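Trainee: Following this line is input.txt, made up of compact mmCIF, C-alpha atoms and all ligand atoms:
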# COMPACT_ATOMS: atom_id res chain seq x y z
CA MET Y 25 0.00 0.00 0.00
CA ALA Y 26 2.77 2.40 0.95
CA ASN Y 27 4.08 3.04 -2.56
CA THR Y 28 0.64 3.12 -4.17
CA LYS Y 29 -0.16 6.37 -5.92
CA ASN Y 30 -3.75 7.43 -5.36
CA TRP Y 31 -6.00 8.40 -8.23
CA PRO Y 32 -6.27 12.19 -8.32
CA LEU Y 33 -9.49 14.11 -7.65
CA TRP Y 34 -11.46 15.62 -10.55
CA GLU Y 35 -14.20 18.24 -10.52
CA ILE Y 36 -17.18 17.42 -12.71
CA PHE Y 37 -19.22 19.97 -14.68
CA VAL Y 38 -22.35 18.92 -16.55
CA ARG Y 39 -24.47 20.74 -19.15
CA SER Y 40 -27.98 19.45 -18.53
CA LYS Y 41 -29.22 20.47 -21.98
CA ASN Y 42 -28.08 22.61 -24.86
CA GLY Y 43 -28.74 26.24 -24.15
CA LEU Y 44 -27.68 25.92 -20.52
CA GLU Y 45 -24.20 26.37 -19.08
CA HIS Y 46 -22.12 23.60 -17.54
CA ARG Y 47 -22.72 23.46 -13.82
CA HIS Y 48 -20.56 21.97 -11.07
CA PHE Y 49 -22.01 18.58 -10.06
CA GLY Y 50 -19.40 17.24 -7.65
CA SER Y 51 -16.10 15.43 -7.81
CA LEU Y 52 -14.67 11.96 -8.19
CA HIS Y 53 -11.38 10.09 -8.39
CA ALA Y 54 -9.93 8.77 -11.64
CA ALA Y 55 -6.52 7.84 -13.00
CA ASP Y 56 -6.79 10.20 -15.98
CA ALA Y 57 -9.14 12.53 -17.84
CA GLU Y 58 -10.73 9.81 -19.99
CA MET Y 59 -11.52 7.70 -16.97
CA ALA Y 60 -12.84 10.78 -15.17
CA LEU Y 61 -15.26 11.33 -18.06
CA GLU Y 62 -16.42 7.71 -18.02
CA ASN Y 63 -16.84 7.68 -14.25
CA ALA Y 64 -18.65 11.02 -14.36
CA ARG Y 65 -21.12 9.55 -16.81
CA ASP Y 66 -21.86 6.68 -14.42
CA VAL Y 67 -21.87 8.69 -11.22
CA TYR Y 68 -23.60 11.91 -12.26
CA THR Y 69 -25.71 11.21 -15.36
CA ARG Y 70 -27.58 7.93 -14.78
CA ARG Y 71 -30.93 9.59 -15.51
CA ASN Y 72 -30.34 11.87 -18.49
CA GLU Y 73 -28.99 14.66 -16.31
CA GLY Y 74 -26.59 15.77 -19.00
CA VAL Y 75 -25.64 16.16 -22.65
CA SER Y 76 -22.04 17.28 -22.10
CA ILE Y 77 -19.43 16.77 -19.37
CA TRP Y 78 -16.29 18.71 -18.50
CA VAL Y 79 -13.72 17.26 -16.13
CA VAL Y 80 -10.95 19.33 -14.54
CA GLU Y 81 -8.35 18.01 -12.17
CA SER Y 82 -9.16 19.66 -8.84
CA LYS Y 83 -5.63 20.91 -8.29
CA HIS Y 84 -5.96 23.16 -11.36
CA ILE Y 85 -8.80 25.16 -9.84
CA THR Y 86 -7.85 28.39 -8.10
CA ALA Y 87 -10.55 29.55 -5.73
CA SER Y 88 -11.02 32.92 -4.08
CA ASN Y 89 -10.72 32.96 -0.33
CA PRO Y 90 -13.90 33.84 1.59
CA GLU Y 91 -11.73 35.83 3.99
CA ASN Y 92 -11.16 38.28 1.16
CA ASN Y 93 -14.85 38.57 0.33
CA GLY Y 94 -14.91 42.09 1.77
CA GLU Y 95 -12.37 43.59 -0.59
CA LEU Y 96 -13.53 41.44 -3.51
CA PHE Y 97 -17.27 41.86 -3.42
CA GLU Y 98 -18.22 44.73 -1.15
CA PRO Y 99 -17.11 47.51 -3.53
CA ALA Y 100 -20.02 46.50 -5.80
CA GLN Y 101 -22.51 47.19 -3.01
CA ASP Y 102 -22.25 50.99 -3.07
CA LYS Y 103 -22.38 51.28 -6.85
CA VAL Y 104 -26.09 51.74 -7.15
CA TYR Y 105 -25.52 53.77 -10.33
CA ARG Y 106 -24.95 50.43 -12.08
CA HIS Y 107 -28.64 49.69 -11.75
CA PRO Y 108 -31.40 51.22 -13.92
CA THR Y 109 -33.49 52.34 -10.92
CA PHE Y 110 -30.76 54.86 -10.00
CA TYR Y 111 -31.79 57.13 -12.90
CA ASP Y 112 -34.75 59.54 -12.80
CA VAL Y 113 -36.90 59.35 -15.87
CA PRO Y 114 -40.35 61.03 -16.02
CA ASP Y 115 -43.34 58.69 -15.96
CA GLU Y 116 -44.57 59.77 -19.39
CA VAL Y 117 -41.46 58.34 -21.01
CA LYS Y 118 -42.42 54.88 -22.27
CA HIS Y 119 -40.39 51.86 -23.37
CA MET Y 120 -37.36 52.62 -21.23
CA MET M 14 -6.11 33.51 16.96
CA SER M 15 -7.01 34.47 20.51
CA GLU M 16 -9.76 32.70 22.40
CA GLU M 17 -11.77 35.91 22.25
CA GLN M 18 -11.50 36.05 18.44
CA ILE M 19 -12.48 32.41 18.06
CA LYS M 20 -15.50 32.92 20.26
CA ASN M 21 -16.49 35.87 18.14
CA LEU M 22 -16.13 33.88 14.94
CA GLU M 23 -18.14 31.04 16.43
CA GLN M 24 -20.97 33.39 17.31
CA GLN M 25 -21.02 34.83 13.80
CA PHE M 26 -20.93 31.31 12.43
CA GLU M 27 -23.90 30.11 14.48
CA ALA M 28 -25.80 33.25 13.51
CA ARG M 29 -25.22 32.56 9.82
CA ILE M 30 -26.67 29.07 10.20
CA ALA M 31 -29.60 30.41 12.22
CA ARG M 32 -30.28 32.81 9.29
CA ASP M 33 -30.39 29.75 7.00
CA GLU M 34 -27.16 30.67 5.25
CA LYS M 35 -25.16 27.76 3.89
CA ILE M 36 -21.58 27.00 4.91
CA GLU M 37 -19.23 26.27 2.01
CA PRO M 38 -15.91 24.36 2.08
CA LYS M 39 -13.54 27.31 2.26
CA ASP M 40 -15.52 29.21 4.90
CA TRP M 41 -14.18 29.38 8.42
CA MET M 42 -15.88 26.79 10.63
CA PRO M 43 -15.44 25.60 14.21
CA GLU M 44 -13.28 22.50 14.44
CA LYS M 45 -16.16 20.65 16.07
CA TYR M 46 -18.43 21.43 13.12
CA ARG M 47 -15.80 20.06 10.73
CA GLN M 48 -15.25 16.88 12.75
CA THR M 49 -18.95 16.23 13.32
CA HIS M 50 -19.62 16.61 9.62
CA ILE M 51 -16.72 14.40 8.60
CA ARG M 52 -18.07 11.75 10.97
CA GLN M 53 -21.68 11.97 9.90
CA ILE M 54 -21.13 12.33 6.14
CA SER M 55 -18.59 9.52 6.03
CA GLN M 56 -20.79 7.20 8.10
CA HIS M 57 -23.54 7.98 5.67
CA ALA M 58 -21.28 7.24 2.69
CA HIS M 59 -20.10 3.97 4.26
CA SER M 60 -23.74 2.95 4.80
CA GLU M 61 -24.52 3.44 1.11
CA ILE M 62 -21.49 1.38 0.11
CA VAL M 63 -21.96 -1.46 2.60
CA GLY M 64 -25.68 -1.28 1.82
CA MET M 65 -24.96 -2.63 -1.65
CA LEU M 66 -23.87 -5.97 -0.24
CA PRO M 67 -27.15 -7.55 0.95
CA GLU M 68 -28.88 -6.65 -2.32
CA GLY M 69 -25.95 -7.16 -4.67
CA ASN M 70 -26.02 -10.73 -3.47
CA TRP M 71 -29.41 -11.24 -5.16
CA ILE M 72 -28.87 -9.63 -8.57
CA THR M 73 -27.91 -12.87 -10.30
CA ARG M 74 -30.88 -14.65 -8.72
CA ALA M 75 -33.58 -12.10 -9.53
CA PRO M 76 -36.70 -13.98 -10.69
CA SER M 77 -37.24 -12.00 -13.92
CA LEU M 78 -35.49 -9.56 -16.20
CA ARG M 79 -37.76 -6.75 -14.97
CA ARG M 80 -36.69 -7.43 -11.38
CA LYS M 81 -33.06 -7.82 -12.37
CA VAL M 82 -32.70 -4.50 -14.19
CA ALA M 83 -34.47 -2.73 -11.32
CA LEU M 84 -32.27 -4.27 -8.64
CA LEU M 85 -29.13 -3.67 -10.65
CA ALA M 86 -30.08 -0.02 -11.15
CA LYS M 87 -30.89 0.36 -7.47
CA VAL M 88 -27.59 -1.09 -6.32
CA GLN M 89 -25.77 1.11 -8.82
CA ASP M 90 -27.62 4.12 -7.38
CA GLU M 91 -26.41 3.19 -3.90
CA ALA M 92 -22.83 3.18 -5.22
CA GLY M 93 -23.54 6.62 -6.65
CA HIS M 94 -24.91 7.82 -3.31
CA GLY M 95 -21.76 6.63 -1.59
CA LEU M 96 -19.64 8.50 -4.13
CA TYR M 97 -21.63 11.77 -3.89
CA LEU M 98 -21.20 11.62 -0.14
CA TYR M 99 -17.51 10.72 -0.11
CA SER M 100 -16.86 13.63 -2.44
CA ALA M 101 -18.87 15.98 -0.18
CA CYS M 102 -16.88 14.70 2.80
CA GLU M 103 -13.55 15.27 1.07
CA THR M 104 -14.34 18.98 0.79
CA LEU M 105 -13.79 19.09 4.57
CA GLY M 106 -10.12 18.25 4.11
CA VAL M 107 -10.12 14.50 4.63
CA THR M 108 -8.86 12.12 1.91
CA ARG M 109 -10.77 9.25 0.35
CA ASP M 110 -8.00 6.94 1.50
CA ASP M 111 -8.44 8.04 5.13
CA LEU M 112 -12.16 7.41 4.85
CA TYR M 113 -11.73 3.92 3.41
CA GLY M 114 -9.07 3.25 6.02
CA GLN M 115 -11.52 4.15 8.81
CA LEU M 116 -14.18 1.86 7.35
CA HIS M 117 -11.85 -1.06 6.75
CA SER M 118 -10.21 -0.88 10.17
CA GLY M 119 -13.62 -0.93 11.84
CA LYS M 120 -13.09 2.53 13.32
CA ALA M 121 -15.94 4.06 11.34
CA LYS M 122 -19.54 2.98 11.76
CA TYR M 123 -22.18 2.39 9.13
CA SER M 124 -25.90 1.80 9.44
CA SER M 125 -26.31 -1.38 11.48
CA ILE M 126 -29.27 -2.54 9.39
CA PHE M 127 -26.81 -3.89 6.82
CA ASN M 128 -25.47 -6.36 9.34
CA TYR M 129 -28.60 -8.47 8.88
CA PRO M 130 -28.66 -11.17 6.19
CA ALA M 131 -30.88 -11.09 3.08
CA LEU M 132 -32.16 -14.65 3.16
CA THR M 133 -34.85 -14.83 0.47
CA TRP M 134 -36.01 -12.93 -2.59
CA ALA M 135 -38.74 -11.34 -0.45
CA ASP M 136 -35.97 -9.58 1.46
CA MET M 137 -35.33 -7.50 -1.67
CA GLY M 138 -38.90 -6.33 -1.34
CA ALA M 139 -38.70 -5.69 2.39
CA ILE M 140 -35.38 -3.84 2.10
CA GLY M 141 -36.62 -1.50 -0.63
CA TRP M 142 -39.92 -0.88 1.09
CA LEU M 143 -38.77 -0.59 4.72
CA VAL M 144 -35.04 0.12 4.75
CA ASP M 145 -35.12 2.64 1.91
CA GLY M 146 -38.38 3.94 3.39
CA ALA M 147 -36.72 4.62 6.74
CA ALA M 148 -33.68 6.04 4.94
CA ILE M 149 -35.91 8.51 3.07
CA ILE M 150 -37.38 9.71 6.37
CA ASN M 151 -33.88 10.24 7.73
CA GLN M 152 -32.60 11.87 4.56
CA VAL M 153 -35.28 14.29 3.40
CA PRO M 154 -34.59 16.82 6.21
CA LEU M 155 -30.89 16.74 5.27
CA CYS M 156 -31.61 18.37 1.91
CA ASN M 157 -31.80 21.57 3.97
CA THR M 158 -28.78 20.98 6.17
CA SER M 159 -26.29 23.79 6.74
CA TYR M 160 -23.23 22.38 4.98
CA GLY M 161 -23.65 23.17 1.27
CA PRO M 162 -21.90 20.15 -0.29
CA TYR M 163 -23.80 17.75 2.01
CA ALA M 164 -27.15 19.40 1.27
CA ARG M 165 -26.50 19.25 -2.49
CA ALA M 166 -25.50 15.58 -2.31
CA MET M 167 -28.64 14.82 -0.31
CA ILE M 168 -30.91 16.51 -2.84
CA ARG M 169 -29.54 14.20 -5.51
CA VAL M 170 -29.82 11.17 -3.22
CA CYS M 171 -33.43 11.92 -2.26
CA LYS M 172 -34.49 12.29 -5.89
CA GLU M 173 -33.28 8.76 -6.53
CA GLU M 174 -34.62 7.04 -3.41
CA SER M 175 -38.27 7.08 -4.32
CA PHE M 176 -37.76 4.51 -7.08
CA HIS M 177 -35.91 2.29 -4.59
CA GLN M 178 -38.85 2.19 -2.23
CA ARG M 179 -41.42 1.71 -4.95
CA GLN M 180 -39.60 -1.20 -6.59
CA GLY M 181 -39.38 -2.84 -3.15
CA PHE M 182 -43.07 -2.33 -2.48
CA GLU M 183 -43.91 -3.77 -5.90
CA ILE M 184 -41.96 -6.94 -5.06
CA MET M 185 -43.87 -7.26 -1.77
CA LEU M 186 -47.20 -6.64 -3.48
CA LYS M 187 -46.57 -9.33 -6.07
CA LEU M 188 -45.54 -11.88 -3.46
CA ALA M 189 -48.36 -10.97 -1.08
CA ASN M 190 -50.86 -11.62 -3.88
CA GLY M 191 -49.13 -14.78 -5.07
CA THR M 192 -49.27 -18.37 -3.84
CA ALA M 193 -49.53 -19.18 -0.14
CA GLU M 194 -45.79 -19.88 -0.07
CA GLN M 195 -45.02 -16.54 -1.68
CA LYS M 196 -47.22 -14.71 0.79
CA ASP M 197 -45.52 -16.54 3.67
CA MET M 198 -42.17 -15.53 2.28
CA ALA M 199 -43.24 -11.87 2.17
CA GLN M 200 -44.59 -12.06 5.73
CA ASP M 201 -41.38 -13.70 6.93
CA ALA M 202 -39.30 -10.92 5.36
CA LEU M 203 -41.49 -8.28 7.02
CA ASN M 204 -41.13 -10.09 10.35
CA ARG M 205 -37.35 -10.01 10.14
CA TRP M 206 -36.89 -6.48 8.78
CA TRP M 207 -39.52 -4.58 10.76
CA TRP M 208 -37.72 -4.11 14.05
CA PRO M 209 -34.26 -3.43 12.59
CA SER M 210 -35.91 -0.80 10.37
CA LEU M 211 -37.34 0.94 13.43
CA MET M 212 -33.89 0.86 14.99
CA MET M 213 -32.48 2.56 11.87
CA LEU M 214 -34.07 5.81 13.02
CA GLY M 215 -31.63 5.87 15.91
CA PRO M 216 -31.67 5.47 19.71
CA THR M 217 -34.56 7.00 21.67
CA ASP M 218 -34.30 10.72 22.38
CA ASP M 219 -33.26 10.29 26.02
CA LYS M 220 -30.34 8.09 24.86
CA SER M 221 -29.28 10.16 21.89
CA VAL M 222 -26.15 12.22 22.60
CA HIS M 223 -25.93 14.46 19.57
CA THR M 224 -29.46 15.75 19.15
CA GLU M 225 -29.21 19.31 20.46
CA GLN M 226 -26.04 20.30 18.61
CA SER M 227 -27.27 18.50 15.49
CA MET M 228 -30.51 20.46 15.57
CA LYS M 229 -28.59 23.73 15.68
CA TRP M 230 -26.48 22.77 12.69
CA LYS M 231 -29.52 21.41 10.85
CA LEU M 232 -28.05 17.94 10.73
CA LYS M 233 -31.37 17.05 12.29
CA ARG M 234 -34.77 18.71 12.09
CA LYS M 235 -36.79 16.19 14.03
CA THR M 236 -35.77 13.91 16.87
CA ASN M 237 -35.25 10.16 16.41
CA ASP M 238 -38.52 9.38 18.19
CA GLU M 239 -40.45 11.80 15.99
CA LEU M 240 -38.95 10.29 12.85
CA ARG M 241 -39.72 6.77 14.08
CA GLN M 242 -43.32 7.68 14.77
CA GLN M 243 -43.60 9.21 11.31
CA PHE M 244 -42.20 6.03 9.77
CA ILE M 245 -44.61 3.79 11.67
CA ASP M 246 -47.62 5.97 10.93
CA GLN M 247 -46.97 5.95 7.22
CA THR M 248 -45.90 2.32 6.94
CA VAL M 249 -48.71 0.54 8.82
CA PRO M 250 -51.38 1.49 6.23
CA GLN M 251 -49.01 0.28 3.51
CA ALA M 252 -48.77 -3.11 5.23
CA ASP M 253 -52.58 -3.18 5.26
CA VAL M 254 -52.61 -2.70 1.49
CA LEU M 255 -50.25 -5.66 1.22
CA GLY M 256 -52.46 -7.71 3.53
CA LEU M 257 -49.42 -8.44 5.72
CA LYS M 258 -49.22 -8.20 9.48
CA ILE M 259 -46.72 -5.96 11.29
CA PRO M 260 -44.99 -8.24 13.83
CA ASP M 261 -45.89 -6.16 16.88
CA PRO M 262 -48.75 -7.34 19.16
CA ASP M 263 -48.80 -3.94 20.90
CA LEU M 264 -49.29 -1.96 17.71
CA LYS M 265 -52.60 -0.09 17.76
CA TRP M 266 -54.12 3.16 16.59
CA ASN M 267 -54.31 5.83 19.26
CA GLU M 268 -57.27 8.03 18.44
CA GLU M 269 -56.21 10.75 20.84
CA ARG M 270 -52.65 11.08 19.51
CA GLN M 271 -53.75 10.36 15.92
CA SER M 272 -50.76 8.02 15.77
CA TYR M 273 -49.93 4.37 16.31
CA ASP M 274 -48.78 3.12 19.69
CA PHE M 275 -46.14 0.46 19.35
CA GLY M 276 -44.27 -2.11 21.42
CA ASP M 277 -40.84 -1.95 23.01
CA ILE M 278 -37.82 -2.05 20.78
CA ASP M 279 -35.04 -4.48 21.77
CA TRP M 280 -32.27 -1.92 22.19
CA ASP M 281 -29.88 -4.55 23.55
CA GLU M 282 -29.98 -6.16 20.13
CA PHE M 283 -29.34 -2.77 18.52
CA TRP M 284 -26.25 -2.07 20.63
CA GLN M 285 -24.95 -5.61 20.11
CA VAL M 286 -25.11 -5.11 16.35
CA VAL M 287 -23.56 -1.63 16.58
CA LYS M 288 -20.71 -3.09 18.61
CA GLY M 289 -20.01 -5.62 15.88
CA HIS M 290 -21.91 -8.67 17.06
CA GLY M 291 -24.68 -8.66 14.47
CA PRO M 292 -25.19 -11.70 12.26
CA MET M 293 -23.29 -10.25 9.29
CA ASN M 294 -20.79 -7.66 10.67
CA LYS M 295 -17.74 -9.81 10.00
CA GLU M 296 -19.00 -10.94 6.62
CA ARG M 297 -19.66 -7.37 5.46
CA MET M 298 -16.21 -6.14 6.48
CA LYS M 299 -14.58 -9.15 4.89
CA ALA M 300 -16.37 -8.39 1.62
CA ARG M 301 -15.38 -4.70 1.67
CA VAL M 302 -11.76 -5.20 2.66
CA GLY M 303 -11.46 -8.11 0.21
CA ALA M 304 -12.79 -6.02 -2.67
CA TRP M 305 -10.39 -3.20 -1.79
CA GLU M 306 -7.39 -5.48 -1.59
CA ARG M 307 -8.21 -7.50 -4.69
CA GLY M 308 -8.70 -4.25 -6.59
CA GLU M 309 -5.32 -2.83 -5.66
CA TRP M 310 -3.49 -4.10 -8.74
CA VAL M 311 -6.24 -2.65 -10.95
CA ARG M 312 -5.91 0.78 -9.35
CA ASP M 313 -2.14 0.63 -9.63
CA ALA M 314 -2.24 -0.53 -13.25
CA ALA M 315 -4.65 2.26 -14.20
CA MET M 316 -2.40 4.84 -12.58
CA ALA M 317 0.71 3.43 -14.24
CA HIS M 318 -1.05 3.42 -17.61
CA ALA M 319 -2.22 7.02 -17.15
CA GLU M 320 1.30 8.12 -16.31
CA LYS M 321 2.79 6.30 -19.28
CA LYS M 322 0.29 7.95 -21.62
CA LYS M 323 1.07 11.34 -20.12
CA THR M 324 4.83 10.95 -20.58
CA ARG M 325 4.34 9.79 -24.15
CA LYS M 326 2.19 12.83 -24.90
CA GLU M 327 4.75 15.15 -23.35
CA LYS M 328 7.55 13.60 -25.41
CA GLN M 329 5.57 14.04 -28.61
CA ALA M 330 4.98 17.68 -27.76
CA VAL M 331 8.72 18.42 -27.55
FE FE Q 401 -29.02 5.37 -1.00
FE FE Q 402 -31.74 3.55 -1.65
How would this structure read if it were set down as structure tokens?
Ligand SMILES: [Fe+2]
Ligand SMILES: [Fe+2]
Mentor:
Amino acid sequence: MANTKNWPLWEIFVRSKNGLEHRHFGSLHAADAEMALENARDVYTRRNEGVSIWVVESKHITASNPENNGELFEPAQDKVYRHPTFYDVPDEVKHM
Amino acid sequence: MSEEQIKNLEQQFEARIARDEKIEPKDWMPEKYRQTHIRQISQHAHSEIVGMLPEGNWITRAPSLRRKVALLAKVQDEAGHGLYLYSACETLGVTRDDLYGQLHSGKAKYSSIFNYPALTWADMGAIGWLVDGAAIINQVPLCNTSYGPYARAMIRVCKEESFHQRQGFEIMLKLANGTAEQKDMAQDALNRWWWPSLMMLGPTDDKSVHTEQSMKWKLKRKTNDELRQQFIDQTVPQADVLGLKIPDPDLKWNEERQSYDFGDIDWDEFWQVVKGHGPMNKERMKARVGAWERGEWVRDAAMAHAEKKKTRKEKQAV
């Protein structure tokens, strides 16, 4: 067991039907990308849940840190001028 | 971090859960939350995996093609459930290997119902109807639990469970309306699986250690006794439809409570099985560990092949 190399972890993204984006479904272990695709089919799409699968080795995903959520996402909160309701338009103006 | 800071973080954390916010893998969480979730999610995953054994044993002996495809699909679903849950558990920073190690060494628990043998074909009916039925009652509230990856895994699991229970009930219905021998077989399966199914909903509230904390973290919404009562109340009328008799002489409708009263559960038996002395504990572990060990060369070969392909590709790219 000691010198056994474990199968890496893969993140699985599935497009449920054309017109929709791929969505994260979960993860699984596989020796390589082809096997990850085959396993993803069996684990995550046994009932027509998908028409397309992406697999990405988990180590290649860089995630933002929730501790930095303040500096990352809060600046958007005081930018009300990015929303249409910020602008005064008289009621008689239609189609706007 | 100072004790003061940790306490502050803990309070904010509990408040988030109380507001129905979800906790995601990279969020700060109290160590106890992490450990409790690793324990519960992995136990749950182990139960799905070990749960394949009593039924997997009957796939080749299914009485018709219709029954065979259904049972095969059900057992494959249980493998899927195990895998969704292991992957949710790994987001808490534990490896799959650790989790298997805990199962194989006997350190981790799994649902003790799977330490009973599946003796006849009718057991496939009773397991789907009662064991999956009790599992559904346990699992539905978890679709709303506080840990995001666990809740998402449970939503997928719950969607798939309903077919499991219905295919089991259909088996029972067919047998119960068959020959006298078939009906006896169905009754015998109900007799053997009824009490262990009630035990599946966990020790009584006064004996259950985790309830209060689990309620706060939404690992539980109702107590074990409430869930058990719910299971009994919904299952007794189903047994009536089958024309089978629940093996409990004390079972009777209580007009005042609008619920069934039921007899005493043999908790000594429950704890014996939990401690490893059930009829099939050793057998189940032997099957799991054996499969893991016999599969080692396959896992190694796949990894070696993947690495060889990768090196070849890299060489061609130069
Ligand atoms: Fe399951
Ligand atoms: Fe199931």
Trainee: List the spatial neighbours of Gln200 of chain M as a PyMOL selection string - criterion: any atom at most 9 Å away, all atoms listed in the file, same-chain residues fewer than 5 positions off excluded.
Mentor: chain M and resi 135+185+189+195+205+257-260
Trainee: Find the spatial neighbours of Gln25 of chain M, counting only C-alpha atoms, within a cut-off of 12 Å - ignore same-chain residues fewer than 2 positions away - and output them as a list in words.
Mentor: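 Counting only the stated atoms, we get Gln18, Ile19, Lys20, Asn21, Leu22, Glu23, Glu27, Ala28, Arg29, Ile30, Ala31, Arg32, Glu34, Ile36, Asp40, Trp41, Met42 and Pro43 of chain M.
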Trainee: Excluding same-chain residues fewer than 2 positions from segment 89-99 of chain Y, what lies within 8 Å of it counting all atoms listed in the file, as a CSV table (one decimal) with C-alpha atoms, in the coordinates of the input?
Mentor:
chain,number,residue,atom,x,y,z
Y,87,ALA,CA,-10.6,29.6,-5.7
Y,101,GLN,CA,-22.5,47.2,-3.0
Y,102,ASP,CA,-22.2,51.0,-3.1
Y,103,LYS,CA,-22.4,51.3,-6.8
M,39,LYS,CA,-13.5,27.3,2.3
M,40,ASP,CA,-15.5,29.2,4.9
Trainee: Near chain Y, which residues of chain M fall within 8 Å when you count only C-alpha atoms, and what do they look like as a list in words?
Mentor: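 Residues satisfying the distance criterion: Lys39, Asp40, Gly93, Leu96, Tyr97, Ser100, Ala101, Arg312, Asp313, Ala315, Met316 and Ala319 of chain M.
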Trainee: Write as a ChimeraX atom specification the residues around ligand FE 401 (chain Q), taking 7 Å as the cut-off and counting all atoms listed in the file.
Mentor: /M:61,90-91,94,170,174
Trainee: Could you jot down the atom CA of Lys81 of chain M to atom CA of Gly64 of chain M separation for me, Å, one decimal place?
Mentor: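 Pair atom CA of Lys81 of chain M / atom CA of Gly64 of chain M returns 17.3 Å.
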